[in-house]
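One file, input_18.txt, carrying compact mmCIF, C-alpha atoms:
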# COMPACT_ATOMS: atom_id res chain seq x y z
CA MET C 11 20.22 -9.07 2.43
CA PHE C 12 17.16 -8.30 0.31
CA ILE C 13 17.20 -7.35 -3.33
CA THR C 14 14.20 -6.16 -5.27
CA ARG C 15 13.65 -6.17 -8.99
CA LYS C 16 10.88 -4.21 -10.65
CA ALA C 17 8.92 -5.09 -13.78
CA GLU C 18 5.97 -3.39 -15.41
CA PHE C 19 3.11 -4.59 -17.55
CA SER C 20 -0.04 -2.98 -18.87
CA ALA C 21 -3.15 -5.08 -19.08
CA SER C 22 -6.91 -4.83 -19.03
CA HIS C 23 -9.30 -6.68 -16.78
CA VAL C 24 -12.87 -6.94 -15.54
CA CYS C 25 -13.68 -7.78 -11.95
CA ALA C 26 -17.02 -9.53 -11.97
CA ASN C 27 -18.48 -12.80 -10.79
CA PRO C 28 -20.20 -14.46 -13.79
CA ALA C 29 -22.83 -15.93 -11.46
CA TRP C 30 -24.07 -12.44 -10.54
CA SER C 31 -25.98 -9.78 -12.46
CA LEU C 32 -24.21 -6.68 -13.75
CA GLU C 33 -25.96 -4.69 -11.06
CA GLU C 34 -24.77 -6.99 -8.28
CA ASN C 35 -21.24 -6.92 -9.66
CA ARG C 36 -21.25 -3.12 -9.84
CA LYS C 37 -22.35 -3.00 -6.22
CA VAL C 38 -19.38 -5.12 -5.14
CA TYR C 39 -16.67 -4.10 -7.59
CA GLY C 40 -17.80 -0.63 -8.66
CA PRO C 41 -16.60 0.48 -12.10
CA ASP C 42 -14.12 -2.45 -12.08
CA ALA C 43 -17.12 -4.54 -13.13
CA ASN C 44 -17.75 -2.69 -16.42
CA PRO C 45 -18.08 -5.63 -18.82
CA ASN C 46 -15.72 -4.60 -21.60
CA GLY C 47 -12.78 -4.06 -19.27
CA HIS C 48 -10.36 -1.28 -18.54
CA GLY C 49 -6.61 -1.19 -18.03
CA HIS C 50 -3.86 -0.48 -15.55
CA ASN C 51 -0.11 -0.03 -15.65
CA TYR C 52 0.80 -2.72 -13.16
CA VAL C 53 4.12 -2.47 -11.37
CA LEU C 54 5.61 -5.63 -9.91
CA GLU C 55 8.35 -5.65 -7.27
CA VAL C 56 9.87 -9.01 -6.48
CA THR C 57 12.13 -9.30 -3.43
CA VAL C 58 14.58 -12.13 -2.87
CA GLU C 59 16.77 -12.71 0.16
CA GLY C 60 20.21 -14.24 0.46
CA GLU C 61 23.84 -13.58 1.27
CA PRO C 62 26.24 -12.15 -1.30
CA ASP C 63 28.28 -14.88 -2.97
CA PRO C 64 31.94 -14.52 -1.85
CA VAL C 65 33.19 -14.80 -5.43
CA THR C 66 30.61 -12.86 -7.46
CA GLY C 67 29.55 -10.44 -4.71
CA MET C 68 25.93 -10.97 -5.77
CA VAL C 69 22.94 -12.31 -3.85
CA PHE C 70 21.28 -13.28 -7.10
CA ASP C 71 22.01 -12.65 -10.75
CA LEU C 72 19.63 -9.79 -11.52
CA ARG C 73 19.77 -10.58 -15.23
CA GLU C 74 18.43 -14.04 -14.46
CA LEU C 75 15.72 -12.56 -12.22
CA LYS C 76 14.78 -10.13 -14.99
CA GLN C 77 14.56 -13.02 -17.44
CA ILE C 78 12.34 -15.03 -15.07
CA LEU C 79 10.02 -12.03 -14.56
CA ASN C 80 9.86 -11.49 -18.31
CA GLN C 81 9.07 -15.11 -19.08
CA GLU C 82 6.57 -15.71 -16.29
CA VAL C 83 4.83 -12.33 -16.07
CA VAL C 84 5.64 -9.65 -18.62
CA GLU C 85 5.51 -11.73 -21.81
CA PRO C 86 2.27 -13.55 -20.96
CA MET C 87 0.47 -10.56 -19.39
CA ASP C 88 1.71 -7.34 -21.00
CA HIS C 89 -0.82 -5.74 -23.36
CA ARG C 90 -3.33 -8.53 -22.77
CA PHE C 91 -6.93 -8.68 -21.62
CA LEU C 92 -6.36 -10.86 -18.57
CA ASN C 93 -9.87 -12.37 -18.40
CA ARG C 94 -9.85 -13.40 -22.04
CA GLU C 95 -6.23 -14.19 -22.77
CA VAL C 96 -4.35 -15.21 -19.63
CA PRO C 97 -5.43 -18.33 -17.73
CA PRO C 98 -6.47 -18.81 -14.94
CA PHE C 99 -8.24 -15.43 -15.21
CA ASP C 100 -10.91 -16.92 -17.45
CA ARG C 101 -12.22 -18.48 -14.18
CA VAL C 102 -10.38 -16.60 -11.41
CA ILE C 103 -11.44 -12.96 -10.95
CA PRO C 104 -8.35 -10.86 -11.74
CA THR C 105 -8.38 -8.62 -8.67
CA THR C 106 -4.99 -7.25 -7.69
CA GLU C 107 -4.94 -9.87 -4.92
CA ASN C 108 -5.55 -12.77 -7.31
CA ILE C 109 -3.06 -11.48 -9.91
CA ALA C 110 -0.41 -11.28 -7.17
CA VAL C 111 -1.24 -14.82 -6.03
CA GLU C 112 -0.88 -16.09 -9.60
CA ILE C 113 2.42 -14.24 -10.09
CA ARG C 114 3.81 -15.72 -6.88
CA ARG C 115 2.61 -19.19 -7.97
CA ARG C 116 4.43 -18.78 -11.29
CA LEU C 117 7.65 -17.48 -9.73
CA GLU C 118 8.00 -19.97 -6.88
CA PRO C 119 9.12 -23.00 -8.93
CA ARG C 120 11.54 -20.84 -10.95
CA LEU C 121 13.27 -19.63 -7.78
CA ARG C 122 13.25 -22.92 -5.87
CA GLY C 123 16.71 -24.29 -5.10
CA LYS C 124 18.44 -21.03 -6.03
CA THR C 125 20.98 -19.13 -3.96
CA ALA C 126 18.33 -16.61 -2.92
CA LYS C 127 14.85 -17.18 -1.54
CA LEU C 128 11.68 -15.51 -2.76
CA ARG C 129 10.57 -13.25 0.09
CA ASN C 130 7.91 -10.89 -1.21
CA VAL C 131 5.78 -10.16 -4.21
CA ARG C 132 4.38 -6.63 -4.33
CA LEU C 133 1.96 -5.70 -7.08
CA TYR C 134 0.83 -2.12 -7.64
CA GLU C 135 -2.41 -1.67 -9.54
CA THR C 136 -1.99 2.09 -9.31
CA ALA C 137 0.39 4.27 -7.31
CA ASP C 138 -2.33 4.35 -4.62
CA LEU C 139 -3.04 0.63 -4.28
CA TYR C 140 -0.79 -2.38 -3.90
CA VAL C 141 -0.75 -5.82 -2.33
CA ASP C 142 2.11 -7.74 -0.72
CA ILE C 143 2.45 -11.49 -0.46
CA GLY C 144 5.28 -12.34 1.88
CA ASP C 145 6.03 -15.62 3.58
CA GLU C 146 2.69 -16.86 4.84
CA MET M 13 -1.60 -11.09 2.42
CA ARG M 14 -1.44 -7.35 2.91
CA LEU M 15 -3.09 -4.60 0.91
CA THR M 16 -2.02 -0.97 1.08
CA ARG M 17 -4.10 1.98 0.02
CA ARG M 18 -2.77 5.54 -0.26
CA TYR M 19 -4.61 8.68 0.87
CA ARG M 20 -3.59 12.31 0.99
CA PHE M 21 -4.49 15.21 3.25
CA ALA M 22 -3.30 18.77 3.78
CA ALA M 23 -2.93 20.15 7.30
CA SER M 24 -0.89 22.68 9.23
CA HIS M 25 0.93 22.32 12.51
CA ARG M 26 3.44 23.95 14.78
CA LEU M 27 6.03 21.99 16.75
CA HIS M 28 6.40 23.70 20.08
CA THR M 29 6.10 22.58 23.68
CA PRO M 30 5.42 24.80 26.68
CA ALA M 31 7.67 22.44 28.65
CA LEU M 32 10.70 24.10 27.04
CA SER M 33 11.87 27.71 26.76
CA GLU M 34 11.42 29.63 23.49
CA GLU M 35 15.11 29.25 22.81
CA GLU M 36 15.06 25.51 23.50
CA ASN M 37 12.00 25.09 21.27
CA ARG M 38 13.76 26.96 18.53
CA ARG M 39 16.88 24.83 18.90
CA LEU M 40 14.93 21.55 19.00
CA TYR M 41 12.29 22.15 16.35
CA GLY M 42 13.98 24.80 14.17
CA LYS M 43 11.65 26.37 11.61
CA CYS M 44 8.90 23.97 12.70
CA ALA M 45 8.55 26.12 15.84
CA ASN M 46 7.64 29.30 13.91
CA PRO M 47 4.71 30.78 15.85
CA PHE M 48 1.99 30.75 13.20
CA GLY M 49 2.53 27.19 12.02
CA HIS M 50 3.03 25.82 8.53
CA GLY M 51 1.50 23.07 6.42
CA HIS M 52 2.24 19.84 4.62
CA ASP M 53 0.60 17.61 2.05
CA TYR M 54 0.69 14.45 4.09
CA ILE M 55 0.47 11.01 2.52
CA LEU M 56 -1.21 8.29 4.54
CA ASP M 57 -0.64 4.65 3.55
CA VAL M 58 -3.05 2.28 5.28
CA THR M 59 -2.14 -1.43 5.21
CA VAL M 60 -4.67 -4.12 6.02
CA GLU M 61 -4.02 -7.84 6.38
CA GLY M 62 -6.15 -10.91 5.93
CA PRO M 63 -7.07 -13.79 3.64
CA VAL M 64 -8.53 -13.33 0.17
CA ASN M 65 -12.30 -13.69 0.27
CA ALA M 66 -14.60 -15.43 -2.20
CA ASP M 67 -14.91 -12.16 -4.15
CA GLY M 68 -11.15 -12.29 -4.83
CA ARG M 69 -10.35 -9.40 -2.51
CA LEU M 70 -9.07 -9.14 1.01
CA VAL M 71 -10.93 -5.89 1.64
CA ASP M 72 -13.75 -3.98 -0.01
CA ARG M 73 -12.05 -0.83 -1.33
CA ALA M 74 -15.14 1.35 -0.94
CA ALA M 75 -15.66 0.21 2.66
CA LEU M 76 -11.99 0.88 3.51
CA ASP M 77 -12.04 4.27 1.78
CA GLY M 78 -15.24 5.22 3.59
CA LEU M 79 -13.88 4.21 6.98
CA VAL M 80 -10.59 6.05 6.52
CA ARG M 81 -12.44 9.12 5.28
CA ARG M 82 -15.01 9.23 8.07
CA HIS M 83 -12.76 8.35 10.98
CA ALA M 84 -9.41 9.85 10.05
CA LEU M 85 -9.30 12.15 7.02
CA ALA M 86 -12.43 14.07 8.01
CA ARG M 87 -10.74 14.92 11.32
CA VAL M 88 -7.44 16.18 9.95
CA GLU M 89 -7.72 17.45 6.40
CA TYR M 90 -7.60 21.21 5.93
CA ARG M 91 -7.14 21.59 9.68
CA ASN M 92 -4.70 23.33 11.93
CA LEU M 93 -3.73 20.29 13.99
CA ASN M 94 -2.74 22.32 17.07
CA GLN M 95 -5.84 24.48 17.17
CA ASP M 96 -8.57 22.34 15.64
CA LEU M 97 -7.91 18.96 17.26
CA PRO M 98 -8.44 18.64 21.01
CA GLU M 99 -6.05 15.66 20.98
CA PHE M 100 -3.23 18.09 20.21
CA ALA M 101 -4.18 20.75 22.74
CA HIS M 102 -1.46 19.43 25.06
CA VAL M 103 0.43 17.06 22.75
CA VAL M 104 2.94 18.25 20.12
CA PRO M 105 1.60 17.31 16.67
CA THR M 106 4.78 15.72 15.41
CA THR M 107 4.15 13.20 12.67
CA GLU M 108 4.98 10.47 15.22
CA ASN M 109 2.09 11.65 17.40
CA LEU M 110 -0.12 12.17 14.35
CA ALA M 111 0.49 8.56 13.27
CA SER M 112 -0.52 7.31 16.73
CA LEU M 113 -3.68 9.45 16.65
CA VAL M 114 -4.65 8.18 13.18
CA ARG M 115 -4.12 4.59 14.37
CA ASP M 116 -6.41 5.22 17.37
CA LEU M 117 -9.06 6.93 15.22
CA LEU M 118 -9.04 4.06 12.72
CA LEU M 119 -9.16 1.36 15.41
CA ASP M 120 -12.08 3.14 17.12
CA GLY M 121 -14.12 2.99 13.93
CA TRP M 122 -12.78 -0.32 12.59
CA ASP M 123 -15.58 -2.62 11.40
CA LEU M 124 -13.87 -4.49 8.57
CA PRO M 125 -13.08 -8.21 8.59
CA ALA M 126 -9.48 -7.50 7.51
CA ARG M 127 -7.08 -6.41 10.24
CA LEU M 128 -5.43 -2.97 10.38
CA ALA M 129 -1.76 -3.97 10.13
CA HIS M 130 0.39 -0.93 9.42
CA LEU M 131 0.34 2.82 8.85
CA ARG M 132 2.82 5.06 7.13
CA ILE M 133 2.55 8.82 7.15
CA SER M 134 4.87 10.79 4.89
CA GLU M 135 5.19 14.41 5.94
CA THR M 136 7.12 15.30 2.79
CA ASP M 137 8.64 12.98 0.22
CA ARG M 138 11.84 13.07 2.25
CA ASN M 139 10.52 11.69 5.52
CA ALA M 140 8.12 8.95 6.50
CA PHE M 141 6.89 7.48 9.77
CA ASP M 142 5.95 3.80 9.97
CA LEU M 143 3.75 2.34 12.66
CA GLU M 144 3.12 -1.41 12.84
CA VAL M 145 -0.23 -2.12 14.48
CA GLY M 146 -0.17 -5.07 16.87
CA ARG M 147 -2.83 -7.77 16.81
CA ASN M 148 -5.77 -6.82 18.94
Do you think you could lay out the structure here as structure tokens?
Amino acid sequence: MFITRKAEFSASHVCANPAWSLEENRKVYGPDANPNGHGHNYVLEVTVEGEPDPVTGMVFDLRELKQILNQEVVEPMDHRFLNREVPPFDRVIPTTENIAVEIRRRLEPRLRGKTAKLRNVRLYETADLYVDIGDE
Amino acid sequence: MRLTRRYRFAASHRLHTPALSEEENRRLYGKCANPFGHGHDYILDVTVEGPVNADGRLVDRAALDGLVRRHALARVEYRNLNQDLPEFAHVVPTTENLASLVRDLLLDGWDLPARLAHLRISETDRNAFDLEVGRN
């Protein structure tokens, strides 16, 4: 059985390669490259898989999952400028893909050895764009 | 990793097949068989799959948007699917058949390094049609 918990954070970012000119960056990233940044309301959906515990009836304690998402993602990233305030985005370009990779990297050790297994990380940048990182 | 981008288009259709009697069409398709057709605001979710490139993205958004626009949206939006698309001259434009057509149109024009992995077309917000695209 799969269970999914949602969390939201608002943050600003710039997508630009520091080795390139502003013009080159605008050609690749469009307005995402504007140097002073802009923001999104990111929506994160984390899916874990397991069987319901015969005693508790739960696959995973959703309060614990909420706490992990808060500690690893919402507290460090909410209302922050990702490039300037949240490593590794001082050197890794904070595209939706790379933010999702970083979120999965942060969550994996917190969910290792638990009753449920991390199956998917879905990150929406807007309602019209999201990425999924499943088991790869 | 997978990335999903959402597009919208408005089109009209009529569900009716000459292989069945008027009464059978009416029983099978209900109001969808009304003779002058009717419309929907369709939502098309296009999912692509691949590794993250050096630019931090698995697909160039502008290239994907351009391809979907030229090869799929330009064919269907603000169209009467039965009358304006030769593909539906003898095929009932159910959303199942529409999803297959959109897959074929996208694959015909596909020139992106990322792979077309999945399509979802929502006819209304109460029904959706998912089509997984096999590796080609």
Residue neighbourhood Glu61 in chain C, 8 Å, only C-alpha atoms, exclusion window fewer than 5 positions, as a PyMOL selection string: chain C and resi 11+68-69+126
Pick from M:Arg69, M:Arg87, M:Arg132, M:His25 nearest to chain C, counting all atoms listed in the file: M:Arg69
Closest-contact table, chain M side, partner chain C, 7 Å, counting all atoms listed in the file, as JSON lines:
{"residue": "M:Met13", "atom": "CA", "partner": "C:Ile143", "partner_atom": "CA", "distance": 5.0}
{"residue": "M:Arg14", "atom": "CA", "partner": "C:Asp142", "partner_atom": "CA", "distance": 5.1}
{"residue": "M:Leu15", "atom": "CA", "partner": "C:Val141", "partner_atom": "CA", "distance": 4.2}
{"residue": "M:Thr16", "atom": "CA", "partner": "C:Tyr140", "partner_atom": "CA", "distance": 5.3}
{"residue": "M:Arg17", "atom": "CA", "partner": "C:Leu139", "partner_atom": "CA", "distance": 4.6}
{"residue": "M:Arg18", "atom": "CA", "partner": "C:Asp138", "partner_atom": "CA", "distance": 4.5}
{"residue": "M:Gly68", "atom": "CA", "partner": "C:Thr105", "partner_atom": "CA", "distance": 6.0}
{"residue": "M:Arg69", "atom": "CA", "partner": "C:Glu107", "partner_atom": "CA", "distance": 5.9}
Residue nearest Ala126 in chain M - candidates M:Ala86, M:Val104, M:Leu110, M:Ala75, atoms counted: only C-alpha atoms: M:Ala75
Coordinates of box centre and edge lengths for range 86-99 of chain M, 4 Å on every side, axis-aligned, as JSON:
{"center_x": -7.6, "center_y": 19.3, "center_z": 13.5, "size_x": 17.7, "size_y": 18.4, "size_z": 23.1}
Residue neighbourhood range 85-89 of chain C, 12 Å, all atoms listed in the file, exclusion window fewer than 3 positions, as a ChimeraX atom specification: /C:17-23,48-54,76-82,92-99,104,109,112-113,116
Residues within 12 Å of (-5.3, 2.9, 17.9), file coords, only C-alpha atoms, listed as an NGL selection string: :M and (83-84 or 109-122 or 128-131 or 143-148)
d(CA of Asn65 in chain M, CA of Glu34 in chain C) in Å: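 Taking CA of Asn65 in chain M as the start and CA of Glu34 in chain C as the end point, the length is 16.5 Å.
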CA of Leu97 in chain M to CA of Ala22 in chain M, straight-line distance in Å: 14.2 Å
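Comparing C:Leu72, C:Lys16, C:Val65, C:Asn130 by their smallest distance to Val84 in chain C, the closest is C:Lys16 (using all atoms listed in the file).
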Between CA of Asp42 in chain C and CA of Leu85 in chain M - distance in Å to one decimal: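 Going from CA of Leu85 in chain M over to CA of Asp42 in chain C covers 24.5 Å.
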Neighbour residues at most 12 Å from (6.1, 22.5, 26.7) (all atoms listed in the file) as a VMD selection string: chain M and resid 27 to 37 40 45 101 to 104
Can those selected residues be exported to a file as a PDB file, in the frame of the given file so that it contains C-alpha atoms?
ATOM      1  CA  LEU M  27       6.030  21.990  16.750  1.00  0.00           C
ATOM      2  CA  HIS M  28       6.400  23.700  20.080  1.00  0.00           C
ATOM      3  CA  THR M  29       6.100  22.580  23.680  1.00  0.00           C
ATOM      4  CA  PRO M  30       5.420  24.800  26.680  1.00  0.00           C
ATOM      5  CA  ALA M  31       7.670  22.440  28.650  1.00  0.00           C
ATOM      6  CA  LEU M  32      10.700  24.100  27.040  1.00  0.00           C
ATOM      7  CA  SER M  33      11.870  27.710  26.760  1.00  0.00           C
ATOM      8  CA  GLU M  34      11.420  29.630  23.490  1.00  0.00           C
ATOM      9  CA  GLU M  35      15.110  29.250  22.810  1.00  0.00           C
ATOM     10  CA  GLU M  36      15.060  25.510  23.500  1.00  0.00           C
ATOM     11  CA  ASN M  37      12.000  25.090  21.270  1.00  0.00           C
ATOM     12  CA  LEU M  40      14.930  21.550  19.000  1.00  0.00           C
ATOM     13  CA  ALA M  45       8.550  26.120  15.840  1.00  0.00           C
ATOM     14  CA  ALA M 101      -4.180  20.750  22.740  1.00  0.00           C
ATOM     15  CA  HIS M 102      -1.460  19.430  25.060  1.00  0.00           C
ATOM     16  CA  VAL M 103       0.430  17.060  22.750  1.00  0.00           C
ATOM     17  CA  VAL M 104       2.940  18.250  20.120  1.00  0.00           C
TER      18      VAL M 104
END
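Look at Asn92 in chain M: the protein and nucleic acid residues within 12 Å of it, using all atoms listed in the file and passing over chain neighbours fewer than 6 places away, are Phe21, Ala22, Ala23, Ser24, His25, Arg26, Leu27, Phe48, Gly49, His50, Gly51, His52, Pro98, Glu99, Phe100, Ala101 and Pro105 of chain M.
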Now that the selection is made, can you save its residues with C-alpha atoms as a tab-separated table (two decimals), keeping the file's coordinate frame?
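After the write, result07.tsv holds the following:
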chain	number	residue	atom	x	y	z
M	21	PHE	CA	-4.49	15.21	3.25
M	22	ALA	CA	-3.30	18.77	3.78
M	23	ALA	CA	-2.93	20.15	7.30
M	24	SER	CA	-0.89	22.68	9.23
M	25	HIS	CA	0.93	22.32	12.51
M	26	ARG	CA	3.44	23.95	14.78
M	27	LEU	CA	6.03	21.99	16.75
M	48	PHE	CA	1.99	30.75	13.20
M	49	GLY	CA	2.53	27.19	12.02
M	50	HIS	CA	3.03	25.82	8.53
M	51	GLY	CA	1.50	23.07	6.42
M	52	HIS	CA	2.24	19.84	4.62
M	98	PRO	CA	-8.44	18.64	21.01
M	99	GLU	CA	-6.05	15.66	20.98
M	100	PHE	CA	-3.23	18.09	20.21
M	101	ALA	CA	-4.18	20.75	22.74
M	105	PRO	CA	1.60	17.31	16.67
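Nearest to Glu135 in chain C of all the residues C:Asn44, C:Pro119, C:Glu55, C:Arg73 is C:Glu55, based on all atoms listed in the file.
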